[in-house]
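Data block for query-v4.txt (compact mmCIF, C-alpha atoms and all ligand atoms):
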```txt
# COMPACT_ATOMS: atom_id res chain seq x y z
CA MET A 4 0.00 0.00 0.00
CA LYS A 5 1.74 3.15 -1.17
CA THR A 6 -0.92 5.73 -0.36
CA ASN A 7 0.49 6.73 3.00
CA HIS A 8 4.13 7.57 3.09
CA CYS A 9 5.64 5.73 0.20
CA LYS A 10 9.18 4.78 1.25
CA LEU A 11 11.78 6.32 -0.96
CA ALA A 12 15.48 5.50 -1.38
CA VAL A 13 17.36 8.31 -3.12
CA LEU A 14 20.61 7.56 -4.96
CA ILE A 15 22.97 10.48 -5.49
CA SER A 16 26.54 11.25 -6.57
CA GLY A 17 26.97 14.97 -6.08
CA ASN A 18 25.53 18.24 -4.85
CA GLY A 19 22.09 16.86 -4.08
CA THR A 20 19.88 19.82 -4.97
CA ASN A 21 17.25 17.42 -6.30
CA LEU A 22 17.53 15.43 -3.09
CA GLN A 23 17.00 18.71 -1.22
CA ALA A 24 13.86 19.42 -3.25
CA LEU A 25 12.58 15.92 -2.50
CA MET A 26 13.35 16.27 1.21
CA ASP A 27 11.68 19.68 1.41
CA ALA A 28 8.57 18.35 -0.33
CA SER A 29 8.46 15.15 1.72
CA PHE A 30 7.72 16.97 4.96
CA ASN A 31 4.31 17.81 3.61
CA SER A 32 3.63 15.00 1.18
CA ASN A 33 2.71 11.37 0.80
CA PHE A 34 6.29 10.09 0.61
CA LYS A 35 9.13 9.78 3.07
CA ILE A 36 12.82 9.39 2.34
CA SER A 37 14.06 6.29 4.16
CA ALA A 38 17.67 6.47 3.07
CA VAL A 39 20.12 8.29 0.84
CA ILE A 40 22.84 6.29 -0.84
CA SER A 41 25.84 7.82 -2.58
CA ASN A 42 28.56 6.14 -4.61
CA ASN A 43 30.71 9.20 -3.86
CA PRO A 44 31.89 9.72 -0.28
CA ASN A 45 32.34 13.45 -0.94
CA SER A 46 28.82 14.00 -2.16
CA PHE A 47 27.46 17.19 -0.59
CA GLY A 48 24.03 15.59 -0.71
CA LEU A 49 25.11 13.31 2.15
CA GLN A 50 25.45 16.35 4.40
CA ARG A 51 22.07 17.64 3.27
CA ALA A 52 20.49 14.30 4.27
CA GLU A 53 22.29 14.17 7.63
CA LYS A 54 21.03 17.66 8.42
CA ASN A 55 17.52 16.30 7.98
CA ASN A 56 18.22 13.19 10.08
CA ILE A 57 17.90 10.88 7.12
CA ALA A 58 20.00 7.72 7.12
CA THR A 59 22.93 7.91 4.72
CA LEU A 60 25.12 5.29 3.23
CA VAL A 61 28.19 5.38 1.01
CA ILE A 62 28.75 2.54 -1.40
CA ASN A 63 31.85 3.68 -3.19
CA HIS A 64 32.11 2.04 -6.61
CA LYS A 65 35.89 2.54 -6.49
CA GLU A 66 36.11 0.01 -3.68
CA TYR A 67 34.66 -2.80 -5.80
CA ASP A 68 36.45 -4.87 -8.41
CA SER A 69 33.59 -4.84 -10.84
CA LYS A 70 30.31 -3.15 -11.66
CA GLN A 71 28.63 -6.41 -10.74
CA ALA A 72 30.15 -6.42 -7.24
CA PHE A 73 29.24 -2.74 -6.72
CA GLU A 74 25.67 -3.34 -7.78
CA GLN A 75 25.43 -6.44 -5.61
CA ALA A 76 26.42 -4.36 -2.58
CA LEU A 77 23.82 -1.78 -3.57
CA MET A 78 21.15 -4.45 -3.91
CA ILE A 79 21.93 -5.92 -0.50
CA LYS A 80 21.45 -2.51 1.12
CA LEU A 81 18.33 -1.78 -0.88
CA LYS A 82 16.88 -5.08 0.26
CA GLU A 83 17.38 -3.98 3.88
CA ILE A 84 15.84 -0.56 3.22
CA ASN A 85 13.00 -2.15 1.26
CA PRO A 86 11.86 1.04 -0.50
CA ASP A 87 8.64 1.35 -2.49
CA LEU A 88 10.51 3.55 -4.94
CA ILE A 89 14.11 4.29 -5.89
CA ALA A 90 14.76 7.81 -7.14
CA LEU A 91 18.01 8.46 -8.99
CA ALA A 92 18.83 12.11 -8.31
CA GLY A 93 22.09 12.99 -10.01
CA PHE A 94 23.35 9.42 -9.61
CA MET A 95 26.17 9.28 -12.14
CA ARG A 96 26.76 5.54 -12.51
CA ILE A 97 25.30 3.59 -15.41
CA LEU A 98 23.31 0.70 -13.98
CA SER A 99 23.39 -2.71 -15.62
CA PRO A 100 20.31 -4.33 -17.17
CA ASN A 101 20.39 -6.93 -14.38
CA PHE A 102 20.09 -4.22 -11.71
CA VAL A 103 17.51 -2.16 -13.55
CA ASN A 104 15.31 -5.15 -14.37
CA HIS A 105 15.26 -6.12 -10.71
CA TYR A 106 13.54 -2.84 -9.85
CA VAL A 107 11.70 -2.15 -13.07
CA GLY A 108 8.60 0.01 -12.53
CA LYS A 109 9.98 1.12 -9.17
CA ILE A 110 12.95 3.20 -10.26
CA LEU A 111 12.86 6.74 -11.62
CA ASN A 112 15.50 9.11 -12.94
CA ILE A 113 15.74 12.82 -13.61
CA HIS A 114 17.74 13.79 -16.65
CA PRO A 115 18.70 17.30 -17.78
CA SER A 116 17.43 17.24 -21.36
CA LEU A 117 14.29 16.83 -23.40
CA LEU A 118 14.68 13.10 -23.95
CA PRO A 119 15.18 11.34 -26.31
CA LYS A 120 17.48 14.23 -27.21
CA TYR A 121 20.81 14.52 -25.40
CA THR A 122 21.13 11.32 -23.44
CA GLY A 123 24.33 10.95 -21.42
CA ILE A 124 26.44 13.71 -19.89
CA ASN A 125 27.31 17.38 -20.58
CA THR A 126 23.83 18.03 -21.91
CA HIS A 127 23.85 21.82 -21.35
CA GLN A 128 27.13 22.27 -23.23
CA ARG A 129 25.94 20.10 -26.11
CA VAL A 130 22.63 21.94 -26.36
CA ILE A 131 24.45 25.30 -26.63
CA GLU A 132 26.89 23.92 -29.22
CA ALA A 133 23.97 22.65 -31.29
CA ASN A 134 22.33 26.11 -31.25
CA GLU A 135 19.11 24.76 -29.83
CA SER A 136 16.45 27.32 -28.93
CA GLU A 137 14.96 25.15 -26.21
CA HIS A 138 16.16 22.69 -23.64
CA GLY A 139 14.70 21.15 -20.52
CA VAL A 140 14.42 18.26 -18.14
CA SER A 141 12.76 14.85 -18.15
CA VAL A 142 11.65 12.55 -15.37
CA HIS A 143 11.38 8.99 -16.63
CA TYR A 144 11.14 5.38 -15.59
CA VAL A 145 14.52 3.68 -15.70
CA THR A 146 14.85 0.80 -18.12
CA GLU A 147 17.77 -1.09 -19.62
CA GLU A 148 18.31 1.57 -22.24
CA LEU A 149 20.41 4.47 -20.92
CA ASP A 150 18.13 7.51 -20.42
CA GLY A 151 15.69 5.66 -22.64
CA GLY A 152 12.80 4.65 -20.37
CA PRO A 153 9.32 6.09 -20.84
CA VAL A 154 9.04 9.77 -19.98
CA ILE A 155 6.61 10.79 -17.24
CA VAL A 156 7.05 14.57 -17.35
CA GLN A 157 9.14 17.05 -19.27
CA GLU A 158 9.54 20.77 -18.68
CA LYS A 159 11.04 23.10 -21.26
CA VAL A 160 13.21 26.16 -20.83
CA PRO A 161 14.41 28.64 -23.47
CA VAL A 162 18.06 28.79 -24.49
CA PHE A 163 19.39 32.35 -24.83
CA ASN A 164 22.23 33.53 -27.08
CA ASP A 165 24.44 34.47 -24.15
CA ASP A 166 23.82 31.27 -22.17
CA THR A 167 26.74 29.36 -20.72
CA PRO A 168 26.39 25.74 -19.56
CA GLU A 169 26.14 27.15 -16.03
CA THR A 170 23.35 29.67 -16.69
CA LEU A 171 21.42 27.04 -18.63
CA ALA A 172 21.93 24.44 -15.90
CA THR A 173 20.54 26.89 -13.33
CA ARG A 174 17.43 27.50 -15.45
CA VAL A 175 16.91 23.75 -15.92
CA ALA A 176 17.53 23.01 -12.23
CA GLU A 177 14.68 25.33 -11.20
CA LYS A 178 12.32 23.14 -13.20
CA GLU A 179 13.93 19.93 -11.91
CA HIS A 180 13.22 20.89 -8.34
CA ILE A 181 9.54 21.37 -9.11
CA ILE A 182 8.83 18.34 -11.24
CA TYR A 183 10.69 15.59 -9.40
CA PRO A 184 8.76 15.92 -6.11
CA LYS A 185 5.55 16.15 -8.12
CA VAL A 186 6.24 12.92 -10.00
CA VAL A 187 7.26 11.12 -6.80
CA SER A 188 4.01 12.21 -5.15
CA TRP A 189 2.08 10.82 -8.13
CA PHE A 190 3.89 7.52 -7.71
CA ALA A 191 3.20 7.55 -3.97
CA ALA A 192 -0.48 8.11 -4.65
CA ASP A 193 -0.50 5.07 -6.96
CA ARG A 194 -1.30 7.25 -9.95
CA LEU A 195 1.67 6.12 -12.05
CA ALA A 196 2.35 2.83 -13.73
CA MET A 197 4.64 1.35 -16.34
CA ALA A 198 3.72 -1.54 -18.62
CA ALA A 199 5.32 -2.76 -21.85
CA ASN A 200 7.80 0.12 -21.76
CA LYS A 201 5.06 2.74 -21.61
CA ALA A 202 4.17 5.11 -18.78
CA TYR A 203 0.62 5.69 -17.55
CA LEU A 204 -0.82 8.41 -15.33
CA ASP A 205 -4.26 7.71 -13.87
CA GLN A 206 -4.49 4.70 -16.24
CA GLU A 207 -4.01 6.93 -19.29
CA LEU A 208 -1.14 6.27 -21.64
CA LEU A 209 1.30 9.18 -21.50
CA PRO A 210 2.55 10.67 -24.78
CA ALA A 211 6.26 10.46 -25.66
CA GLY A 212 6.87 13.84 -24.03
CA GLY A 213 5.15 12.82 -20.80
CA ALA A 214 2.25 14.39 -18.93
CA GLU A 215 1.31 18.01 -19.13
CA ILE A 216 1.94 19.71 -15.81
CA LYS A 217 -1.26 21.27 -14.53
CA SER A 218 -1.50 23.18 -11.30
CA GLU A 219 -3.03 20.85 -8.72
C1 LIG A 301 20.82 17.22 -12.18
O1 LIG A 301 20.83 18.23 -13.12
C2 LIG A 301 20.28 15.94 -12.76
O2 LIG A 301 19.27 16.16 -13.70
C3 LIG A 301 21.52 15.40 -13.42
O3 LIG A 301 22.55 15.65 -12.50
C4 LIG A 301 22.24 16.83 -11.79
C5 LIG A 301 22.36 16.51 -10.31
O4 LIG A 301 22.25 17.68 -9.55
N1 LIG A 301 21.40 13.99 -13.70
C6 LIG A 301 22.00 13.41 -14.71
O5 LIG A 301 22.72 13.99 -15.50
C7 LIG A 301 21.72 11.94 -14.83
N2 LIG A 301 22.12 11.45 -16.11
P1 LIG A 301 22.00 17.57 -8.01
O6 LIG A 301 23.05 16.62 -7.43
O7 LIG A 301 22.19 18.98 -7.51
O8 LIG A 301 20.59 17.07 -7.79
```

What do you get writing this file as structure tokens?
Ligand code: GAR
Amino acid sequence: MKTNHCKLAVLISGNGTNLQALMDASFNSNFKISAVISNNPNSFGLQRAEKNNIATLVINHKEYDSKQAFEQALMIKLKEINPDLIALAGFMRILSPNFVNHYVGKILNIHPSLLPKYTGINTHQRVIEANESEHGVSVHYVTEELDGGPVIVQEKVPVFNDDTPETLATRVAEKEHIIYPKVVSWFAADRLAMAANKAYLDQELLPAGGAEIKSE
């Protein structure tokens, strides 16, 4: 039963501003963050979580001989935490099909581009180099295909002539911090589903660009 306080595990690698947005929203929402896991011991997000008395854990990929061993350690911890949902929030490791398939339908990611455009890293830089007039962010279900799972929501931002990767990242991040908590609250309210590589909101098939954000 996910309706009351869906248990969330958040996986991070860095600053943790999306984690912060999720934590801030969780105090007045239908989800609760049970644990924050980082593959990077220097992740500032760990301090953010500690400040909010949320359990933190470092599983440093550099301490494992293989991706398989790293992911096995991650899975053991996740089994203990037993989350209803795993939210990747700036988690910069590519997860294997074996890992992803284990949690399929219960693992979300936020990616700084209008997927399927600009999968991978350095999206803001690449968008500027390609002279795009718009950019944005996607929240999607995680599947085997890197940044390729069905999109739940996208938000667009304009790209200006004098943008740098930093100014563009800031504009995108503002949208990230709004949409990720919203999508997690939809999941927690049992309004989201994934079947046959497609995402559904309130039993309605979502278009390729995800749901339209309406004020609720
Ligand atoms: C965010 O912009 C997120 O969309 C991106 O990393 C940043 C993490 O920032 N994620 C990816 O690029 C995943 N492929 P944060 O640590 O401040 O939340």

Have a look at atom O2 of ligand LIG 301 (chain A) and atom CA of Leu49 of chain A and let me know their distance in Å, one decimal.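 Computing the Euclidean distance for atom O2 of ligand LIG 301 (chain A) and atom CA of Leu49 of chain A yields 17.1 Å.
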
For a quick check of understanding, using all atoms listed in the file, which of A:Leu195, A:Val187, A:Val130, A:Ile89 has the smallest distance to Val160 of chain A?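 Once distances to Val160 of chain A are computed over all atoms listed in the file, the minimum belongs to A:Val130.
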
Select from chain A every residue with an atom at most 10 Å from any atom of ligand LIG 301 (chain A), then for each give the shortest pair of atoms and their distance in Å to one decimal, using only C-alpha atoms and all ligand atoms, rows by chain and rising number, as a Markdown table.
```
| residue | atom | partner | partner_atom | distance |
| --- | --- | --- | --- | --- |
| A:Leu14 | CA | A:LIG301 | O6 | 9.7 |
| A:Ile15 | CA | A:LIG301 | O6 | 6.4 |
| A:Ser16 | CA | A:LIG301 | O6 | 6.5 |
| A:Gly17 | CA | A:LIG301 | O6 | 4.5 |
| A:Asn18 | CA | A:LIG301 | O6 | 3.9 |
| A:Gly19 | CA | A:LIG301 | O6 | 3.5 |
| A:Thr20 | CA | A:LIG301 | O7 | 3.5 |
| A:Asn21 | CA | A:LIG301 | O8 | 3.7 |
| A:Leu22 | CA | A:LIG301 | O8 | 5.8 |
| A:Gln23 | CA | A:LIG301 | O8 | 7.7 |
| A:Ala24 | CA | A:LIG301 | O8 | 8.5 |
| A:Leu25 | CA | A:LIG301 | O8 | 9.7 |
| A:Ser46 | CA | A:LIG301 | O6 | 8.2 |
| A:Phe47 | CA | A:LIG301 | O6 | 8.2 |
| A:Gly48 | CA | A:LIG301 | O6 | 6.9 |
| A:Leu91 | CA | A:LIG301 | C7 | 7.7 |
| A:Ala92 | CA | A:LIG301 | O8 | 5.3 |
| A:Gly93 | CA | A:LIG301 | C5 | 3.5 |
| A:Phe94 | CA | A:LIG301 | C7 | 6.0 |
| A:Met95 | CA | A:LIG301 | C7 | 5.8 |
| A:Arg96 | CA | A:LIG301 | N2 | 8.3 |
| A:Ile97 | CA | A:LIG301 | N2 | 8.5 |
| A:Asn112 | CA | A:LIG301 | C7 | 7.1 |
| A:Ile113 | CA | A:LIG301 | O2 | 4.9 |
| A:His114 | CA | A:LIG301 | O2 | 4.1 |
| A:Pro115 | CA | A:LIG301 | O2 | 4.3 |
| A:Ser116 | CA | A:LIG301 | O2 | 8.0 |
| A:Tyr121 | CA | A:LIG301 | N2 | 9.9 |
| A:Thr122 | CA | A:LIG301 | N2 | 7.4 |
| A:Gly123 | CA | A:LIG301 | N2 | 5.8 |
| A:Ile124 | CA | A:LIG301 | O5 | 5.8 |
| A:Asn125 | CA | A:LIG301 | O5 | 7.6 |
| A:Thr126 | CA | A:LIG301 | O5 | 7.7 |
| A:His127 | CA | A:LIG301 | O1 | 9.5 |
| A:Gly139 | CA | A:LIG301 | O2 | 9.6 |
| A:Val140 | CA | A:LIG301 | O2 | 6.9 |
| A:Ser141 | CA | A:LIG301 | O2 | 8.0 |
| A:Val142 | CA | A:LIG301 | O2 | 8.6 |
| A:Leu149 | CA | A:LIG301 | N2 | 8.6 |
| A:Asp150 | CA | A:LIG301 | N2 | 7.1 |
| A:Ala172 | CA | A:LIG301 | O1 | 6.9 |
| A:Thr173 | CA | A:LIG301 | O1 | 8.7 |
| A:Val175 | CA | A:LIG301 | O1 | 7.3 |
| A:Ala176 | CA | A:LIG301 | O1 | 5.9 |
| A:Glu177 | CA | A:LIG301 | O1 | 9.6 |
| A:Lys178 | CA | A:LIG301 | O1 | 9.8 |
| A:Glu179 | CA | A:LIG301 | O2 | 6.8 |
| A:His180 | CA | A:LIG301 | O8 | 8.3 |
| A:Tyr183 | CA | A:LIG301 | O2 | 9.6 |
```

Nearest to Pro168 of chain A among A:Asn33, A:Gln128, A:Ser41, A:Asn63, with distances taken over only C-alpha atoms: which residue is it? A:Gln128

Within 12 Å of Glu83 of chain A, counting only C-alpha atoms, which residues qualify if same-chain residues fewer than 5 places away don't, as a list in words?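 Returned residues: Ala12, Ser37, Ala38, Ala76, Leu77 and Met78 of chain A.
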
Tell me which of A:Ile79, A:Leu111, A:Leu60, A:Ala90 sits closest to Ile36 of chain A, counting all atoms listed in the file.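 Smallest separation from Ile36 of chain A among the options: A:Ala90.
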
Ref. answer, residues at most 12 Å from (1.0, 15.0, -23.7) with only C-alpha atoms, as a compact mmCIF listing (two decimals) with C-alpha atoms, in the coordinates of the input:
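To be explicit, this is the file written out as point-v5.txt:
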```txt
# COMPACT_ATOMS: atom_id res chain seq x y z
CA VAL A 154 9.04 9.77 -19.98
CA ILE A 155 6.61 10.79 -17.24
CA VAL A 156 7.05 14.57 -17.35
CA GLN A 157 9.14 17.05 -19.27
CA GLU A 158 9.54 20.77 -18.68
CA ALA A 202 4.17 5.11 -18.78
CA TYR A 203 0.62 5.69 -17.55
CA LEU A 204 -0.82 8.41 -15.33
CA GLU A 207 -4.01 6.93 -19.29
CA LEU A 208 -1.14 6.27 -21.64
CA LEU A 209 1.30 9.18 -21.50
CA PRO A 210 2.55 10.67 -24.78
CA ALA A 211 6.26 10.46 -25.66
CA GLY A 212 6.87 13.84 -24.03
CA GLY A 213 5.15 12.82 -20.80
CA ALA A 214 2.25 14.39 -18.93
CA GLU A 215 1.31 18.01 -19.13
CA ILE A 216 1.94 19.71 -15.81
CA LYS A 217 -1.26 21.27 -14.53
```

Residue nearest Ala58 of chain A among A:Ile40, A:Asp87, A:Glu169, A:Arg129 (counting all atoms listed in the file):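 Going through A:Ile40, A:Asp87, A:Glu169, A:Arg129 one by one, the smallest distance to Ala58 of chain A is for A:Ile40.
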
Segment 101-112 of chain A rebuilt with all heavy atoms, output as a PDB file, in the coordinates of the input:
```
ATOM      1  N   ASN A 101      20.748  -6.024 -15.476  1.00  0.00           N
ATOM      2  CA  ASN A 101      20.390  -6.930 -14.380  1.00  0.00           C
ATOM      3  C   ASN A 101      19.839  -6.142 -13.187  1.00  0.00           C
ATOM      4  O   ASN A 101      18.796  -6.476 -12.631  1.00  0.00           O
ATOM      5  CB  ASN A 101      21.645  -7.725 -13.984  1.00  0.00           C
ATOM      6  CG  ASN A 101      21.378  -8.634 -12.809  1.00  0.00           C
ATOM      7  OD1 ASN A 101      20.401  -9.385 -12.828  1.00  0.00           O
ATOM      8  ND2 ASN A 101      22.204  -8.548 -11.785  1.00  0.00           N
ATOM      9  N   PHE A 102      20.525  -5.054 -12.840  1.00  0.00           N
ATOM     10  CA  PHE A 102      20.090  -4.220 -11.710  1.00  0.00           C
ATOM     11  C   PHE A 102      18.758  -3.562 -12.037  1.00  0.00           C
ATOM     12  O   PHE A 102      17.802  -3.633 -11.263  1.00  0.00           O
ATOM     13  CB  PHE A 102      21.163  -3.148 -11.430  1.00  0.00           C
ATOM     14  CG  PHE A 102      20.850  -2.295 -10.230  1.00  0.00           C
ATOM     15  CD1 PHE A 102      21.377  -2.599  -8.986  1.00  0.00           C
ATOM     16  CD2 PHE A 102      20.016  -1.183 -10.345  1.00  0.00           C
ATOM     17  CE1 PHE A 102      21.077  -1.817  -7.867  1.00  0.00           C
ATOM     18  CE2 PHE A 102      19.718  -0.399  -9.240  1.00  0.00           C
ATOM     19  CZ  PHE A 102      20.248  -0.716  -8.004  1.00  0.00           C
ATOM     20  N   VAL A 103      18.708  -2.925 -13.181  1.00  0.00           N
ATOM     21  CA  VAL A 103      17.510  -2.160 -13.550  1.00  0.00           C
ATOM     22  C   VAL A 103      16.290  -3.081 -13.631  1.00  0.00           C
ATOM     23  O   VAL A 103      15.204  -2.738 -13.143  1.00  0.00           O
ATOM     24  CB  VAL A 103      17.766  -1.449 -14.907  1.00  0.00           C
ATOM     25  CG1 VAL A 103      16.481  -0.900 -15.481  1.00  0.00           C
ATOM     26  CG2 VAL A 103      18.798  -0.348 -14.728  1.00  0.00           C
ATOM     27  N   ASN A 104      16.459  -4.251 -14.213  1.00  0.00           N
ATOM     28  CA  ASN A 104      15.310  -5.150 -14.370  1.00  0.00           C
ATOM     29  C   ASN A 104      14.787  -5.644 -13.029  1.00  0.00           C
ATOM     30  O   ASN A 104      13.609  -5.950 -12.892  1.00  0.00           O
ATOM     31  CB  ASN A 104      15.661  -6.321 -15.290  1.00  0.00           C
ATOM     32  CG  ASN A 104      15.756  -5.848 -16.729  1.00  0.00           C
ATOM     33  OD1 ASN A 104      15.080  -4.884 -17.100  1.00  0.00           O
ATOM     34  ND2 ASN A 104      16.592  -6.491 -17.516  1.00  0.00           N
ATOM     35  N   HIS A 105      15.666  -5.695 -12.049  1.00  0.00           N
ATOM     36  CA  HIS A 105      15.260  -6.120 -10.710  1.00  0.00           C
ATOM     37  C   HIS A 105      14.246  -5.143 -10.104  1.00  0.00           C
ATOM     38  O   HIS A 105      13.393  -5.529  -9.313  1.00  0.00           O
ATOM     39  CB  HIS A 105      16.507  -6.220  -9.824  1.00  0.00           C
ATOM     40  CG  HIS A 105      16.262  -6.880  -8.524  1.00  0.00           C
ATOM     41  ND1 HIS A 105      16.165  -8.253  -8.386  1.00  0.00           N
ATOM     42  CD2 HIS A 105      16.057  -6.377  -7.288  1.00  0.00           C
ATOM     43  CE1 HIS A 105      15.926  -8.543  -7.127  1.00  0.00           C
ATOM     44  NE2 HIS A 105      15.860  -7.427  -6.437  1.00  0.00           N
ATOM     45  N   TYR A 106      14.389  -3.877 -10.465  1.00  0.00           N
ATOM     46  CA  TYR A 106      13.540  -2.840  -9.850  1.00  0.00           C
ATOM     47  C   TYR A 106      12.584  -2.201 -10.867  1.00  0.00           C
ATOM     48  O   TYR A 106      11.999  -1.157 -10.577  1.00  0.00           O
ATOM     49  CB  TYR A 106      14.413  -1.741  -9.239  1.00  0.00           C
ATOM     50  CG  TYR A 106      15.330  -2.258  -8.150  1.00  0.00           C
ATOM     51  CD1 TYR A 106      16.690  -2.452  -8.392  1.00  0.00           C
ATOM     52  CD2 TYR A 106      14.839  -2.567  -6.887  1.00  0.00           C
ATOM     53  CE1 TYR A 106      17.539  -2.930  -7.397  1.00  0.00           C
ATOM     54  CE2 TYR A 106      15.676  -3.055  -5.893  1.00  0.00           C
ATOM     55  CZ  TYR A 106      17.016  -3.233  -6.146  1.00  0.00           C
ATOM     56  OH  TYR A 106      17.840  -3.716  -5.165  1.00  0.00           O
ATOM     57  N   VAL A 107      12.444  -2.804 -11.997  1.00  0.00           N
ATOM     58  CA  VAL A 107      11.700  -2.150 -13.070  1.00  0.00           C
ATOM     59  C   VAL A 107      10.280  -1.744 -12.605  1.00  0.00           C
ATOM     60  O   VAL A 107       9.618  -2.481 -11.877  1.00  0.00           O
ATOM     61  CB  VAL A 107      11.679  -3.014 -14.360  1.00  0.00           C
ATOM     62  CG1 VAL A 107      10.722  -4.185 -14.256  1.00  0.00           C
ATOM     63  CG2 VAL A 107      11.416  -2.161 -15.578  1.00  0.00           C
ATOM     64  N   GLY A 108       9.900  -0.534 -12.966  1.00  0.00           N
ATOM     65  CA  GLY A 108       8.600   0.010 -12.530  1.00  0.00           C
ATOM     66  C   GLY A 108       8.673   0.697 -11.184  1.00  0.00           C
ATOM     67  O   GLY A 108       7.722   1.344 -10.749  1.00  0.00           O
ATOM     68  N   LYS A 109       9.817   0.536 -10.512  1.00  0.00           N
ATOM     69  CA  LYS A 109       9.980   1.120  -9.170  1.00  0.00           C
ATOM     70  C   LYS A 109      11.225   1.984  -9.093  1.00  0.00           C
ATOM     71  O   LYS A 109      11.772   2.209  -8.028  1.00  0.00           O
ATOM     72  CB  LYS A 109      10.124  -0.015  -8.137  1.00  0.00           C
ATOM     73  CG  LYS A 109       8.856  -0.800  -7.890  1.00  0.00           C
ATOM     74  CD  LYS A 109       9.105  -1.953  -6.928  1.00  0.00           C
ATOM     75  CE  LYS A 109       9.723  -1.519  -5.624  1.00  0.00           C
ATOM     76  NZ  LYS A 109       9.839  -2.577  -4.618  1.00  0.00           N
ATOM     77  N   ILE A 110      11.721   2.389 -10.257  1.00  0.00           N
ATOM     78  CA  ILE A 110      12.950   3.200 -10.260  1.00  0.00           C
ATOM     79  C   ILE A 110      12.794   4.330 -11.287  1.00  0.00           C
ATOM     80  O   ILE A 110      12.469   4.094 -12.455  1.00  0.00           O
ATOM     81  CB  ILE A 110      14.201   2.303 -10.469  1.00  0.00           C
ATOM     82  CG1 ILE A 110      15.472   3.132 -10.531  1.00  0.00           C
ATOM     83  CG2 ILE A 110      14.091   1.410 -11.646  1.00  0.00           C
ATOM     84  CD1 ILE A 110      16.748   2.299 -10.358  1.00  0.00           C
ATOM     85  N   LEU A 111      13.011   5.546 -10.792  1.00  0.00           N
ATOM     86  CA  LEU A 111      12.860   6.740 -11.620  1.00  0.00           C
ATOM     87  C   LEU A 111      14.183   7.485 -11.721  1.00  0.00           C
ATOM     88  O   LEU A 111      15.033   7.369 -10.841  1.00  0.00           O
ATOM     89  CB  LEU A 111      11.826   7.704 -11.003  1.00  0.00           C
ATOM     90  CG  LEU A 111      10.428   7.187 -10.705  1.00  0.00           C
ATOM     91  CD1 LEU A 111       9.580   8.298 -10.084  1.00  0.00           C
ATOM     92  CD2 LEU A 111       9.754   6.672 -11.979  1.00  0.00           C
ATOM     93  N   ASN A 112      14.302   8.285 -12.774  1.00  0.00           N
ATOM     94  CA  ASN A 112      15.500   9.110 -12.940  1.00  0.00           C
ATOM     95  C   ASN A 112      15.093  10.503 -13.405  1.00  0.00           C
ATOM     96  O   ASN A 112      14.060  10.676 -14.048  1.00  0.00           O
ATOM     97  CB  ASN A 112      16.423   8.487 -14.003  1.00  0.00           C
ATOM     98  CG  ASN A 112      17.712   9.259 -14.193  1.00  0.00           C
ATOM     99  OD1 ASN A 112      18.302   9.738 -13.216  1.00  0.00           O
ATOM    100  ND2 ASN A 112      18.151   9.399 -15.433  1.00  0.00           N
TER     101      ASN A 112
END
```
